[in-house]
Structures are given as structure tokens and as C-alpha cells.
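Peer 1: After the C-alpha cells below, expect a handful of questions from me.
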Amino acid sequence: MPGKNPGRKKARSIRHRFSTATIYQKLVEDFDLDGFISRTAGLLLNNLPRIDAVAVFLYDDFAKQPEAVSVSCRSGAEIHHLHLQEKLTLVDRVFKTGRPVLTTTKQKTAKDFVNIFCPNLQEQGPFGLLCMPMILKNNTCIGCILFLREHSKTFSQKELVFFNKVVKLLGVFSYQVRILRQNQEKHVSNLVSLLSHELRTPLTCIKGYVTTLFGAHDAWGSENRYEFLRIIDSETDRMNKLIDELLESTMIESGLLSVAKEPVLLEKIISKSVNDANLKSVKHRFILDVSANLPIIEADPVRIRQVMENLLDNAIRYSPAGGLIVVNCSQESNEIKITVADEGIGIAPEHLNRLFEKYYRIKSDIAGTGLGLPIACEIVEKHGGRIWARSTLNKGSTFSFTLPLSDANKPLT
């Protein structure tokens with residue numbers, strides 16, 4: 001048809017195929033913490049125009065130099081370990097100066113790289129080698145990328161601009177992997193330290209009382225033996241709770257934590273939770289205030305009980321001197337609101353926004369994994385509710401959460 005240019009249409013399709021948006025989408029689709037870095041060279045090779053080999057270098061803090069983390073060649077002779085040697089000073093130079101370098105067949109550096117990447121290219125004709133630094137917005141260079149092309153023509157100015165954008169994108173993704181890995185390693189280290197501390201205390205207690213009972217069972221009266229067994233039972237429950245919280249945390253991370261809603265009357269769940277908490281502490285006095293005629297709501301009774309236990313345990317732990325713990329449950333507009341208030345040590349303002357982060361604890365000398373509140377938050381949000389805290393130092397804290405009413409119980413507007 002007149003007015004149409006097939007050649008221009010084809011050119012547009014090629015540009016679209018190799019756009020930075022396409023590369024970004026591929027990076028997002030392939031992103032993970034385990035194998036993303038090692039796959040980056042192959043990903044670029046398969047999505048960039050007329051490239052025959054790619055090597056990705058990242059700065060190694062231990063070796064104090066850029067190290068090859070991903071290499072891929074079209075020839076099939078893929079190289080997994082490419083070390084920075086004297087003949088690879090090009091990589092080091094680009095990393096230190098932060099400036100790209102373009103070399104051709106005539107230069108020894110390019111020939112050396114071809115021998116490492118694709119030795120057979122030496123016999124196939126001319127080629128070009130482009131080395132570009134990965135620079136973040138703060139002008140920090142975290143590595144560089146080598147592109148090798150088997151073509152008589154070198155890289156055009158437009159291609160250099162395009163490749164520069166791609167390298168910047170990959171730099172951001174690589175940096176994110178590094179930060180996430182560091183955070184992951186820190187969390188694992190914190191978790192191991194936390195578990196070794198939290199599990200050692202109940203295990204030592206259990207071992208001590210069991211040894212006592214075995215060693216001189218005739219010397220103890222029935223009341224003492226009963227008290228020892230009660231303590232052993234309590235410490236065993238504490239260990240079980242630690243393990244349960246870790247399992248729940250893993251389920252949250254994997255997106256497997258679920259709720260099974262059914263018609264429930266909150267008053268029974270809350271009353272049972274408060275009664276159980278009352279049995280755990282002789283220092284605290286509990287007051288339960290539940291509004292009359294609360295409607296039946298759709299909720300998971302086991303999960304809501306779990307939220308209440310976590311909030312009540314938190315109130316007991318953070319009011320070590322004892323005092324009053326008030327639990328209130330009332331209907332407000334289209335939701336039920338539950339609050340747990342204590343007269344404990346309180347929480348400083350800088351901690352309030354971090355209370356629902358995993359492993360975060362205000363005081364390290366108070367028992368707990370730091371997982372109870374994040375688990376409670378996940379459960380409440382799975383129900384479509386909200387959870388928050390207010391506090392005053394040395395006066396106490398109030399934790400509140402809401403659960404939505406079912407459509408049948410919502411007031412008419």
C-alpha cells in the first residue's frame with residue numbers, strides 16, 4: 001500500500017526488540033539471590049544485538065580487584081573462571097578510571113581477550129572489544145562488562161549509548177543482589193545467635209531440674225517434684241513456641257501462610273487467651289472489657305488466638321515489674337477493634353515503626369525471637385485488618401488491631 005515503508009517497520013521492530021525496557025524486563029524476570037549473577041552474561045548475550053561473547057566483572061572486596069563472575073560465548077566454549085591477570089589489565093584500568101574502552105583486532109589487549117573467550121575467532125576475521133564500567137548514581141564503580149563482537153564494523157555511537165544504559169541497569173541489579181545477600185547473611189547470623197541464646201536458657205533449666213529429680217528423688221516431697229515438673233513443662237512449651245515462630249516466619253517468607261476463615265465469636269477467643277495469660281503470670285492483673293452483642297465475624301479462630309497470645313506475651317515480657325494489662329474489644333463502624341494495653345517500660349518513638357520487622361527487639365535482655373509481632377501483623381493483614389502500636393516511655397504500651405465485619409453485619413449507610 002502507498003505510504004508504507006516495510007524497511008522502516010522492520011527497523012522499528014528490531015529497535016523494540018533490543019530496547020532498554022526489554023532488557024529491564026528480562027532482568028526482573030530472571031532476578032533472584034542464588035543464580036542471578038552467574039546468569040547475567042548469558043542473559044545479555046541472548047538479548048543484545050550482534051554480540052558474540054560477554055564477561056561480567058564485579059569488584060571483590062576480599063581480593064581487592066575485579067573478578068569475573070559470569071562469562072558466556074556463542075561458540076559454546078563457555079568459561080566459568082576468568083581471572084584477572086597481567087594481560088587483563090584492561091578490566092582493571094576501566095574499573096579504576098570509570099571510563100569505557102573500545103579496542104579492535106589490531107591491539108594486543110583485544111587479541112588476548114579473544115584467545116580467552118573464543119580462540120576460534122582469531123581465524124574468522126576482525127572483531128571489536130568493548131569494556132564498560134558499572135557505575136551507580138553515587139559514582140561508585142562496582143565492576144565492568146566486556147562485550148566482544150565478531151564484525152568488520154566497530155560499535156556505533158548509538159550502540160555505545162544503548163550499551164551504556166544496559167550496563168547501568170545491570171549495575172543496579174547486581175548492587176541489589178549484593179545488598180540483599182549481605183542482609184540475608186546478617187539475618188542468618190542474627191538468627192543463629194538468637195537461637196543459641198534463646199534455646200540455651202530453657203535447655204539449661206530443663207537439664208538442671210531433670211538432673212535434680214534423677215539424683216535425689218527421695219529427698220524431695222511431692223510438692224517440690226510437682227513444681228519441678230511444672231517448670232520443665234513450661235520451658236518445653238517455650239522451646240516449642242520458638243520453633244513454631246521460626247516455622248511461621250519461613251511460611252511468611254515463602255508466601256505460604258494462610259488463614260481458614262469461618263464464623264467465629266471473638267469474645268470466646270479473647271476470653272480464653274486472657275485466661276491462659278493469667279495462668280502464666282502472678283505479677284499481672286488482667287481486665288477484660290468486651291462490648292455486648294458483638295456480631296459474628298468471618299475469621300480463622302486458630303490464627304486470631306495466635307495474634308492474641310503474641311500480644312499478651314509481649315505485654316507480659318515488657319512489663320517485668322507486673323501491673324495491669326487491659327484487653328478491650330469493641331465494634332467501630334465496619335470493623336472490630338481489639339486492644340491490649342500494659343503498664344510496662346514503654347517504647348521509644350524511634351522503635352515504633354520497626355516493631356513489626358522480623359527479629360527486631362527493643363531490648364536484647366528480654367526473652368523472645370522478635371518474630372511474634374511480625375507474625376501477628378501478617379495474620380491480621382491476611383484477614384484484611386490493620387495492626388499498630390502507641391506507647392509512652394516508662395508508662396506502658398497499647399497494641400491495637402482490627403478485623404473487618406462480614407458484609408451481612410456491616411451497618412447500613
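Quick note on naming: the chains in the C-alpha cells go A, B, ... in the order shown, residues restart at 1 in each chain, and ligands are numbered from 1 in order of appearance.
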Name all residues at most 8 Å from Thr402 of chain A (count only C-alpha atoms; drop same-chain ones fewer than 4 positions away) and give them as a tab-separated table (two decimals) with C-alpha atoms, in the first residue's frame.

Peer 2:
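Heads up, here's the output in around03.tsv:
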```tsv
chain	number	residue	atom	x	y	z
A	335	GLU	CA	-14.72	-3.43	61.93
A	336	ILE	CA	-13.97	-4.94	65.30
A	337	LYS	CA	-11.13	-3.32	67.24
A	338	ILE	CA	-9.09	-5.22	69.85
A	380	VAL	CA	-4.10	-9.56	60.74
A	385	GLY	CA	-7.32	-5.81	59.09
A	386	ARG	CA	-4.73	-3.37	60.48
A	387	ILE	CA	-2.33	-3.51	63.43
```

Peer 1: Would you mind listing what lies within 7 Å of Val101 of chain A as a PyMOL selection string, with only C-alpha atoms counted and same-chain residues fewer than 5 positions away left out?

Peer 2: chain A and resi 94+130-132

Peer 1: Using only C-alpha atoms, which residues sit within 8 Å of Asn328 of chain A once same-chain residues fewer than 6 positions away are excluded, as an MDAnalysis selection string?

Peer 2: chainID A and resid 288:290 337:340

Peer 1: Measuring between only C-alpha atoms, which one of A:Asp276, A:Ser271, A:His383, A:Cys377 shows the shortest distance to Arg354 of chain A?

Peer 2: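 Using only C-alpha atoms, Arg354 of chain A sits closest to A:Cys377.
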
Peer 1: Between A:Ile270, A:Ala315, A:Val259, A:Leu265, which has the minimum distance to Asn293 of chain A (counting only C-alpha atoms)?

Peer 2: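 Of A:Ile270, A:Ala315, A:Val259, A:Leu265, the one nearest Asn293 of chain A, counting only C-alpha atoms, is A:Leu265.
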